[in-house]
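**Student:** Before anything else, here's the structure in question.
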Amino acid sequence: MKAKRKNVIAIILGGGQGSRLYPLTETRSKPAVPVGGKYRLVDIPISNCMNSDIYRMFVLTQFNSASLNAHIKNTYVFSAFSQAFVDILAAEQTPDNPTWFQGTADAVRQCMPHFLNHNFDYALILSGDQLYQMDFNDMLEEHIKKEADITIATLPVNAKDAPEFGILKTNHDSCIESFIEKPAKELLPDWESDVSEEMKADGKNYLASMGIYIFNKKLLVDLMANPDTKDFGKEIIPQAVGKKKILSYQYEGYWTDIGNIDSFFEANIGLTEDVPKFNLFDDTNKIYTRPRMLPPSKFKNTMVDKSLISEGCIINAKEIEHSVIGVRARIGKDSVVKNTYVMGNDFYQSIEDMEDDLKSGITLMGIGEGCYINNALVDKNCRIGNNVYINGGSHLENVTTELYAIKDGIVVIKKGVTLPDNFKIE
């Protein structure tokens with residue numbers, strides 16, 4: 001039985017303060033963090049919905065939502081004759097709800113009146129900070145076919161990764177019988193589930209929750225009536241196991257949770273591989289984002305290897321290797337950029353502004369001349385002077401300053417800061 005897409009709404013959870021992604025979340029919400037040079041994290045779940053013909057979406061957020069609001073307003077504009085929309089629901093104080101969102105389930109509960117203004121039979125609940133390409137139609141059709149109350153997307157994982165997830169155990173009919181949050185390694189032998197032969201061959205015998213759920217409308221409304229449950233993963237799902245029919249929908253493609261600087265860095269640099277696990281070049285799984293009327297990027301005397309270069313860049317660098325360069329980036333001559341994500345700029349400096357800055361001794365926007373930058377994230381609108389040396393790696397200790405932060409050896413240059421000539425992190 002094929003579900004009618006108009007009977008589905010998608011609820012995208014924007015997450016909390018995003019402290020593990022600090023300083024990228026210092027001035028923006030987690031879903032608004034730039035990814036892949038030209039996208040925002042929120043574009044991933046929205047694009048997955050659009051590719052699955054789901055066009056009614058809500059994005060729930062409560063921290064630093066101004067740039068997220070602007071991005072969605074400027075990007076997802078649908079025909080006036082369609083019912084499609086992407087609406088942002090920020091936490092709001094009302095007589096009934098005087099508090100901020102207290103968790104994922106509490107966010108859905110507080111926004112429930114807005115959802116109920118629309119007709120739907122199924123609610124697809126997604127995270128705003130994951131990188132994956134998935135057709136939700138297959139999951140939805142399995143949910144309907146098996147007459148499930150809840151369906152959870154699950155990812156086969158190995159014994160090394162299993163303790164980092166909520167692990168589900170299924171029966172022969174793919175229904176979830178039990179759940180354990182971040183199990184100790186000695187408990188794992190009791191938590192194996194049926195997986196495909198390919199996954200068994202890779203030692204992936206455990207099913208991890210991906211934080212992607214389908215709920216029947218009536219059940220979701222009933223569950224949200226209990227104000228004591230604040231979170232889906234920690235309370236709603238464990239409490240429903242054994243009481244409701246919960247289906248496991250196994251997904252075997254690429255998926256990563258971008259929860260911290262290390263995973264964010266790895267996911268972005270991974271896009272530069274010859275055959276990346278996350279395929280930006282798949283016509284059937286396009287990633288949509290804000291259309292920008294930018295000129296092509298131009299280069300002068302630059303060697304580029306295994307890198308993604310976004311539009312509108314002016315690059316005179318000596319070498320760019322294994323890096324992602326964001327929109328409107330400017331990189332000066334003789335500079336070397338390796339294993340780095342440069343997010344680019346929100347606007348261009350005019351030639352007149354650049355001349356005035358140079359006369360006044362002000363560092364220009366972008367990366368200057370003779371720089372060396374390795375193992376770094378350079379946030380937007382930075383001004384990096386000439387002969388700046390940044391060499392990230394495991395030899396560096398974690399630290400946070402006004403200009404940058406170091407996390408797990410990755411140097412994160414904060415948004416809009418200025419690094420003077422000859423500045424060094426080594």
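Here, A, B, ... name the chains of the structure tokens in the order displayed, residue numbers run from 1 inside each chain, and ligands are numbered from 1 in the same displayed order.
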List every residue of range 224-371 of chain A that DSSP, applied to the backbone of this structure, assigns to strand (DSSP E), and report them as a ChimeraX atom specification.
**Tutor:** /A:246-250,255-257,298-299,303-305,308-309,314-315,319-321,324-325,330-331,336-342,366-367
**Student:** Store the residues picked out above in a file with C-alpha atoms, as a JSON list (two decimals), in the first residue's frame.
**Tutor:**
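Result file again20.json:
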```
[["chain", "number", "residue", "atom", "x", "y", "z"],
["A", 246, "ILE", "CA", 7.62, -0.81, 17.05],
["A", 247, "LEU", "CA", 9.19, -1.70, 13.71],
["A", 248, "SER", "CA", 12.90, -1.57, 12.91],
["A", 249, "TYR", "CA", 13.64, -0.25, 9.42],
["A", 250, "GLN", "CA", 17.23, -1.19, 8.62],
["A", 255, "TRP", "CA", 24.97, 8.00, 7.97],
["A", 256, "THR", "CA", 26.84, 10.07, 10.50],
["A", 257, "ASP", "CA", 25.73, 12.10, 13.49],
["A", 298, "LYS", "CA", 38.90, 31.74, -10.56],
["A", 299, "PHE", "CA", 42.45, 30.53, -9.89],
["A", 303, "MET", "CA", 47.71, 23.43, -7.58],
["A", 304, "VAL", "CA", 44.43, 21.86, -6.42],
["A", 305, "ASP", "CA", 44.21, 18.19, -5.41],
["A", 308, "LEU", "CA", 35.88, 20.89, -3.36],
["A", 309, "ILE", "CA", 35.80, 24.54, -4.44],
["A", 314, "ILE", "CA", 39.16, 34.14, -5.88],
["A", 315, "ILE", "CA", 42.14, 31.87, -5.30],
["A", 319, "GLU", "CA", 48.41, 24.74, -3.11],
["A", 320, "ILE", "CA", 45.04, 23.46, -1.92],
["A", 321, "GLU", "CA", 44.92, 19.82, -0.91],
["A", 324, "VAL", "CA", 36.68, 22.16, 1.17],
["A", 325, "ILE", "CA", 36.56, 25.82, 0.18],
["A", 330, "ARG", "CA", 39.64, 34.59, -1.06],
["A", 331, "ILE", "CA", 43.08, 32.99, -0.64],
["A", 336, "VAL", "CA", 49.06, 26.48, 1.32],
["A", 337, "VAL", "CA", 45.79, 25.02, 2.63],
["A", 338, "LYS", "CA", 45.63, 21.31, 3.58],
["A", 339, "ASN", "CA", 43.04, 19.15, 5.34],
["A", 340, "THR", "CA", 40.96, 22.24, 6.03],
["A", 341, "TYR", "CA", 37.39, 23.44, 5.65],
["A", 342, "VAL", "CA", 37.33, 27.15, 4.78],
["A", 366, "GLY", "CA", 39.89, 36.02, 3.47],
["A", 367, "ILE", "CA", 43.26, 34.33, 3.81]]
```
**Student:** To test your reading of the structure, identify every residue in range 219-368 of chain A that backbone DSSP assigns to alpha helix (DSSP H), and report it as JSON, numbers by chain.
**Tutor:** {"A": [219, 220, 221, 222, 223, 224, 237, 238, 239, 240, 261, 262, 263, 264, 265, 266, 267, 268, 269, 270, 351, 352, 353, 354, 355, 356, 357, 358, 359, 360]}
**Student:** Take the residues from that selection and write them out as a PDB file, in the first residue's frame, keeping N, CA and C atoms.
**Tutor:**
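So the final result, stored in out.pdb, reads:
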```
ATOM      1  N   LEU A 219      -1.240   8.045  18.093  1.00  0.00           N
ATOM      2  CA  LEU A 219      -0.306   7.648  19.146  1.00  0.00           C
ATOM      3  C   LEU A 219       0.560   8.825  19.568  1.00  0.00           C
ATOM      4  N   LEU A 220       1.037   9.599  18.609  1.00  0.00           N
ATOM      5  CA  LEU A 220       1.875  10.749  18.944  1.00  0.00           C
ATOM      6  C   LEU A 220       1.113  11.739  19.814  1.00  0.00           C
ATOM      7  N   VAL A 221      -0.134  12.002  19.454  1.00  0.00           N
ATOM      8  CA  VAL A 221      -0.953  12.918  20.255  1.00  0.00           C
ATOM      9  C   VAL A 221      -1.136  12.367  21.662  1.00  0.00           C
ATOM     10  N   ASP A 222      -1.406  11.063  21.767  1.00  0.00           N
ATOM     11  CA  ASP A 222      -1.596  10.445  23.088  1.00  0.00           C
ATOM     12  C   ASP A 222      -0.313  10.528  23.923  1.00  0.00           C
ATOM     13  N   LEU A 223       0.818  10.223  23.299  1.00  0.00           N
ATOM     14  CA  LEU A 223       2.092  10.239  24.029  1.00  0.00           C
ATOM     15  C   LEU A 223       2.445  11.653  24.490  1.00  0.00           C
ATOM     16  N   MET A 224       2.137  12.637  23.660  1.00  0.00           N
ATOM     17  CA  MET A 224       2.472  14.017  24.000  1.00  0.00           C
ATOM     18  C   MET A 224       1.582  14.576  25.106  1.00  0.00           C
ATOM     19  N   ILE A 237      10.672   6.140  23.523  1.00  0.00           N
ATOM     20  CA  ILE A 237      10.898   4.849  22.861  1.00  0.00           C
ATOM     21  C   ILE A 237      11.063   3.723  23.891  1.00  0.00           C
ATOM     22  N   PRO A 238      11.941   3.844  24.909  1.00  0.00           N
ATOM     23  CA  PRO A 238      12.069   2.750  25.888  1.00  0.00           C
ATOM     24  C   PRO A 238      10.750   2.407  26.572  1.00  0.00           C
ATOM     25  N   GLN A 239       9.942   3.427  26.859  1.00  0.00           N
ATOM     26  CA  GLN A 239       8.678   3.174  27.546  1.00  0.00           C
ATOM     27  C   GLN A 239       7.637   2.522  26.640  1.00  0.00           C
ATOM     28  N   ALA A 240       7.785   2.705  25.321  1.00  0.00           N
ATOM     29  CA  ALA A 240       6.826   2.114  24.380  1.00  0.00           C
ATOM     30  C   ALA A 240       7.178   0.675  24.014  1.00  0.00           C
ATOM     31  N   ILE A 261      32.913  18.570  17.002  1.00  0.00           N
ATOM     32  CA  ILE A 261      33.844  19.148  16.030  1.00  0.00           C
ATOM     33  C   ILE A 261      34.570  18.063  15.247  1.00  0.00           C
ATOM     34  N   ASP A 262      34.956  17.000  15.910  1.00  0.00           N
ATOM     35  CA  ASP A 262      35.687  15.918  15.249  1.00  0.00           C
ATOM     36  C   ASP A 262      34.849  15.281  14.140  1.00  0.00           C
ATOM     37  N   SER A 263      33.589  14.921  14.441  1.00  0.00           N
ATOM     38  CA  SER A 263      32.737  14.286  13.433  1.00  0.00           C
ATOM     39  C   SER A 263      32.368  15.272  12.324  1.00  0.00           C
ATOM     40  N   PHE A 264      32.197  16.543  12.669  1.00  0.00           N
ATOM     41  CA  PHE A 264      31.902  17.567  11.671  1.00  0.00           C
ATOM     42  C   PHE A 264      33.080  17.720  10.703  1.00  0.00           C
ATOM     43  N   PHE A 265      34.276  17.795  11.249  1.00  0.00           N
ATOM     44  CA  PHE A 265      35.489  17.929  10.433  1.00  0.00           C
ATOM     45  C   PHE A 265      35.655  16.715   9.518  1.00  0.00           C
ATOM     46  N   GLU A 266      35.519  15.535  10.096  1.00  0.00           N
ATOM     47  CA  GLU A 266      35.693  14.302   9.333  1.00  0.00           C
ATOM     48  C   GLU A 266      34.675  14.191   8.201  1.00  0.00           C
ATOM     49  N   ALA A 267      33.413  14.569   8.475  1.00  0.00           N
ATOM     50  CA  ALA A 267      32.363  14.484   7.453  1.00  0.00           C
ATOM     51  C   ALA A 267      32.646  15.422   6.290  1.00  0.00           C
ATOM     52  N   ASN A 268      33.119  16.629   6.586  1.00  0.00           N
ATOM     53  CA  ASN A 268      33.393  17.590   5.516  1.00  0.00           C
ATOM     54  C   ASN A 268      34.620  17.214   4.700  1.00  0.00           C
ATOM     55  N   ILE A 269      35.708  16.859   5.372  1.00  0.00           N
ATOM     56  CA  ILE A 269      36.913  16.479   4.638  1.00  0.00           C
ATOM     57  C   ILE A 269      36.667  15.178   3.862  1.00  0.00           C
ATOM     58  N   GLY A 270      35.793  14.312   4.392  1.00  0.00           N
ATOM     59  CA  GLY A 270      35.450  13.073   3.693  1.00  0.00           C
ATOM     60  C   GLY A 270      34.824  13.312   2.327  1.00  0.00           C
ATOM     61  N   ILE A 351      36.610  46.699  -4.230  1.00  0.00           N
ATOM     62  CA  ILE A 351      38.013  47.103  -4.438  1.00  0.00           C
ATOM     63  C   ILE A 351      38.312  48.365  -3.632  1.00  0.00           C
ATOM     64  N   GLU A 352      37.354  49.287  -3.584  1.00  0.00           N
ATOM     65  CA  GLU A 352      37.539  50.527  -2.822  1.00  0.00           C
ATOM     66  C   GLU A 352      37.709  50.226  -1.329  1.00  0.00           C
ATOM     67  N   ASP A 353      36.878  49.319  -0.804  1.00  0.00           N
ATOM     68  CA  ASP A 353      36.988  48.951   0.610  1.00  0.00           C
ATOM     69  C   ASP A 353      38.328  48.296   0.904  1.00  0.00           C
ATOM     70  N   MET A 354      38.780  47.446  -0.023  1.00  0.00           N
ATOM     71  CA  MET A 354      40.069  46.780   0.173  1.00  0.00           C
ATOM     72  C   MET A 354      41.208  47.793   0.174  1.00  0.00           C
ATOM     73  N   GLU A 355      41.142  48.757  -0.726  1.00  0.00           N
ATOM     74  CA  GLU A 355      42.191  49.801  -0.773  1.00  0.00           C
ATOM     75  C   GLU A 355      42.193  50.626   0.506  1.00  0.00           C
ATOM     76  N   ASP A 356      40.992  50.946   1.002  1.00  0.00           N
ATOM     77  CA  ASP A 356      40.899  51.724   2.249  1.00  0.00           C
ATOM     78  C   ASP A 356      41.462  50.923   3.424  1.00  0.00           C
ATOM     79  N   ASP A 357      41.140  49.620   3.472  1.00  0.00           N
ATOM     80  CA  ASP A 357      41.653  48.772   4.555  1.00  0.00           C
ATOM     81  C   ASP A 357      43.172  48.713   4.520  1.00  0.00           C
ATOM     82  N   LEU A 358      43.726  48.544   3.319  1.00  0.00           N
ATOM     83  CA  LEU A 358      45.190  48.448   3.196  1.00  0.00           C
ATOM     84  C   LEU A 358      45.860  49.747   3.635  1.00  0.00           C
ATOM     85  N   LYS A 359      45.278  50.882   3.287  1.00  0.00           N
ATOM     86  CA  LYS A 359      45.835  52.181   3.698  1.00  0.00           C
ATOM     87  C   LYS A 359      45.776  52.344   5.216  1.00  0.00           C
ATOM     88  N   SER A 360      44.712  51.758   5.815  1.00  0.00           N
ATOM     89  CA  SER A 360      44.513  51.901   7.260  1.00  0.00           C
ATOM     90  C   SER A 360      45.184  50.791   8.055  1.00  0.00           C
TER      91      SER A 360
END
```
**Student:** Which neighbours of range 69-84 of chain A fall inside 9 Å, counting only C-alpha atoms, when residues of the same chain fewer than 4 positions from it are skipped, and could you give them as an NGL selection string?
**Tutor:** :A and (6 or 32 or 40 or 42-43 or 54-57 or 65 or 88 or 288-291)
**Student:** Applying 10 Å and only C-alpha atoms, which residues near Asn260 in chain A remain after dropping the ones on its own chain fewer than 6 positions away? List them as a ChimeraX atom specification.
**Tutor:** /A:18-22,24,129,407
**Student:** Since we have the selection now, will you write its residues out, keeping C-alpha atoms, as a JSON list (two decimals), in the first residue's frame?
**Tutor:**
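result12.json was written with the following content:
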```
[["chain", "number", "residue", "atom", "x", "y", "z"],
["A", 18, "GLY", "CA", 24.94, 22.73, 20.31],
["A", 19, "SER", "CA", 27.72, 23.13, 22.88],
["A", 20, "ARG", "CA", 29.69, 20.18, 21.46],
["A", 21, "LEU", "CA", 29.92, 22.04, 18.12],
["A", 22, "TYR", "CA", 31.14, 25.24, 19.80],
["A", 24, "LEU", "CA", 30.63, 26.97, 15.27],
["A", 129, "ASP", "CA", 22.42, 17.44, 12.58],
["A", 407, "LYS", "CA", 39.31, 20.48, 19.93]]
```
**Student:** Counting only C-alpha atoms, what is within 10 Å of range 176-186 of chain A, bar same-chain residues fewer than 6 positions away, as number ranges by chain?
**Tutor:** A: 150-152, 159-170, 193, 207-209, 233-234, 237-248
**Student:** Selection from above, N, CA and C atoms, as an mmCIF file, in the first residue's frame, can you write it?
**Tutor:**
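Output (part.cif):
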```cif
data_model
loop_
_atom_site.group_PDB
_atom_site.id
_atom_site.type_symbol
_atom_site.label_atom_id
_atom_site.label_comp_id
_atom_site.auth_asym_id
_atom_site.auth_seq_id
_atom_site.Cartn_x
_atom_site.Cartn_y
_atom_site.Cartn_z
ATOM 1 N N ILE A 150 4.950 2.632 15.694
ATOM 2 C CA ILE A 150 6.154 3.455 15.563
ATOM 3 C C ILE A 150 7.139 2.683 14.694
ATOM 4 N N THR A 151 7.836 3.368 13.818
ATOM 5 C CA THR A 151 8.951 2.758 13.084
ATOM 6 C C THR A 151 10.201 3.572 13.358
ATOM 7 N N ILE A 152 11.284 2.856 13.650
ATOM 8 C CA ILE A 152 12.567 3.506 13.936
ATOM 9 C C ILE A 152 13.574 3.090 12.875
ATOM 10 N N ALA A 159 30.762 -4.004 17.187
ATOM 11 C CA ALA A 159 30.905 -4.015 18.645
ATOM 12 C C ALA A 159 31.675 -2.790 19.148
ATOM 13 N N LYS A 160 32.566 -2.263 18.328
ATOM 14 C CA LYS A 160 33.345 -1.090 18.735
ATOM 15 C C LYS A 160 32.460 0.152 18.854
ATOM 16 N N ASP A 161 31.519 0.307 17.904
ATOM 17 C CA ASP A 161 30.686 1.508 17.878
ATOM 18 C C ASP A 161 29.415 1.385 18.716
ATOM 19 N N ALA A 162 28.956 0.161 18.955
ATOM 20 C CA ALA A 162 27.660 -0.055 19.619
ATOM 21 C C ALA A 162 27.513 0.678 20.951
ATOM 22 N N PRO A 163 28.553 0.732 21.823
ATOM 23 C CA PRO A 163 28.380 1.418 23.117
ATOM 24 C C PRO A 163 28.107 2.915 23.020
ATOM 25 N N GLU A 164 28.227 3.478 21.814
ATOM 26 C CA GLU A 164 27.971 4.904 21.642
ATOM 27 C C GLU A 164 26.508 5.189 21.305
ATOM 28 N N PHE A 165 25.700 4.143 21.097
ATOM 29 C CA PHE A 165 24.333 4.320 20.601
ATOM 30 C C PHE A 165 23.302 3.704 21.543
ATOM 31 N N GLY A 166 22.037 4.032 21.266
ATOM 32 C CA GLY A 166 20.934 3.248 21.809
ATOM 33 C C GLY A 166 20.785 2.022 20.922
ATOM 34 N N ILE A 167 20.857 0.823 21.509
ATOM 35 C CA ILE A 167 20.832 -0.426 20.736
ATOM 36 C C ILE A 167 19.479 -1.114 20.905
ATOM 37 N N LEU A 168 18.928 -1.568 19.773
ATOM 38 C CA LEU A 168 17.613 -2.201 19.742
ATOM 39 C C LEU A 168 17.752 -3.671 19.387
ATOM 40 N N LYS A 169 16.936 -4.509 19.992
ATOM 41 C CA LYS A 169 16.939 -5.939 19.666
ATOM 42 C C LYS A 169 15.606 -6.281 19.007
ATOM 43 N N THR A 170 15.670 -6.957 17.852
ATOM 44 C CA THR A 170 14.463 -7.258 17.097
ATOM 45 C C THR A 170 14.153 -8.752 17.092
ATOM 46 N N SER A 193 21.080 -8.721 16.602
ATOM 47 C CA SER A 193 19.813 -8.814 15.864
ATOM 48 C C SER A 193 20.076 -9.383 14.475
ATOM 49 N N LEU A 207 21.901 -3.298 16.095
ATOM 50 C CA LEU A 207 21.078 -2.276 15.459
ATOM 51 C C LEU A 207 21.015 -1.029 16.333
ATOM 52 N N ALA A 208 21.567 0.056 15.805
ATOM 53 C CA ALA A 208 21.582 1.334 16.527
ATOM 54 C C ALA A 208 20.448 2.220 16.035
ATOM 55 N N SER A 209 19.803 2.903 16.967
ATOM 56 C CA SER A 209 18.773 3.868 16.578
ATOM 57 C C SER A 209 19.423 5.078 15.908
ATOM 58 N N GLY A 233 14.496 9.479 22.633
ATOM 59 C CA GLY A 233 15.453 8.388 22.758
ATOM 60 C C GLY A 233 15.583 7.832 24.167
ATOM 61 N N LYS A 234 15.445 8.704 25.168
ATOM 62 C CA LYS A 234 15.671 8.273 26.547
ATOM 63 C C LYS A 234 14.394 7.833 27.258
ATOM 64 N N ILE A 237 10.672 6.140 23.523
ATOM 65 C CA ILE A 237 10.898 4.849 22.861
ATOM 66 C C ILE A 237 11.063 3.723 23.891
ATOM 67 N N PRO A 238 11.941 3.844 24.909
ATOM 68 C CA PRO A 238 12.069 2.750 25.888
ATOM 69 C C PRO A 238 10.750 2.407 26.572
ATOM 70 N N GLN A 239 9.942 3.427 26.859
ATOM 71 C CA GLN A 239 8.678 3.174 27.546
ATOM 72 C C GLN A 239 7.637 2.522 26.640
ATOM 73 N N ALA A 240 7.785 2.705 25.321
ATOM 74 C CA ALA A 240 6.826 2.114 24.380
ATOM 75 C C ALA A 240 7.178 0.675 24.014
ATOM 76 N N VAL A 241 8.448 0.275 24.222
ATOM 77 C CA VAL A 241 8.872 -1.088 23.889
ATOM 78 C C VAL A 241 8.082 -2.090 24.733
ATOM 79 N N GLY A 242 7.521 -3.085 24.049
ATOM 80 C CA GLY A 242 6.723 -4.098 24.741
ATOM 81 C C GLY A 242 5.262 -3.735 24.877
ATOM 82 N N LYS A 243 4.941 -2.454 24.651
ATOM 83 C CA LYS A 243 3.548 -2.004 24.778
ATOM 84 C C LYS A 243 2.954 -1.642 23.410
ATOM 85 N N LYS A 244 3.798 -1.201 22.497
ATOM 86 C CA LYS A 244 3.357 -0.807 21.166
ATOM 87 C C LYS A 244 4.125 -1.620 20.124
ATOM 88 N N LYS A 245 3.556 -1.691 18.913
ATOM 89 C CA LYS A 245 4.250 -2.388 17.836
ATOM 90 C C LYS A 245 5.260 -1.428 17.222
ATOM 91 N N ILE A 246 6.542 -1.698 17.507
ATOM 92 C CA ILE A 246 7.621 -0.813 17.045
ATOM 93 C C ILE A 246 8.459 -1.573 16.014
ATOM 94 N N LEU A 247 8.501 -1.044 14.812
ATOM 95 C CA LEU A 247 9.194 -1.697 13.707
ATOM 96 C C LEU A 247 10.592 -1.123 13.544
ATOM 97 N N SER A 248 11.546 -1.999 13.268
ATOM 98 C CA SER A 248 12.903 -1.569 12.912
ATOM 99 C C SER A 248 13.016 -1.537 11.397
#
```
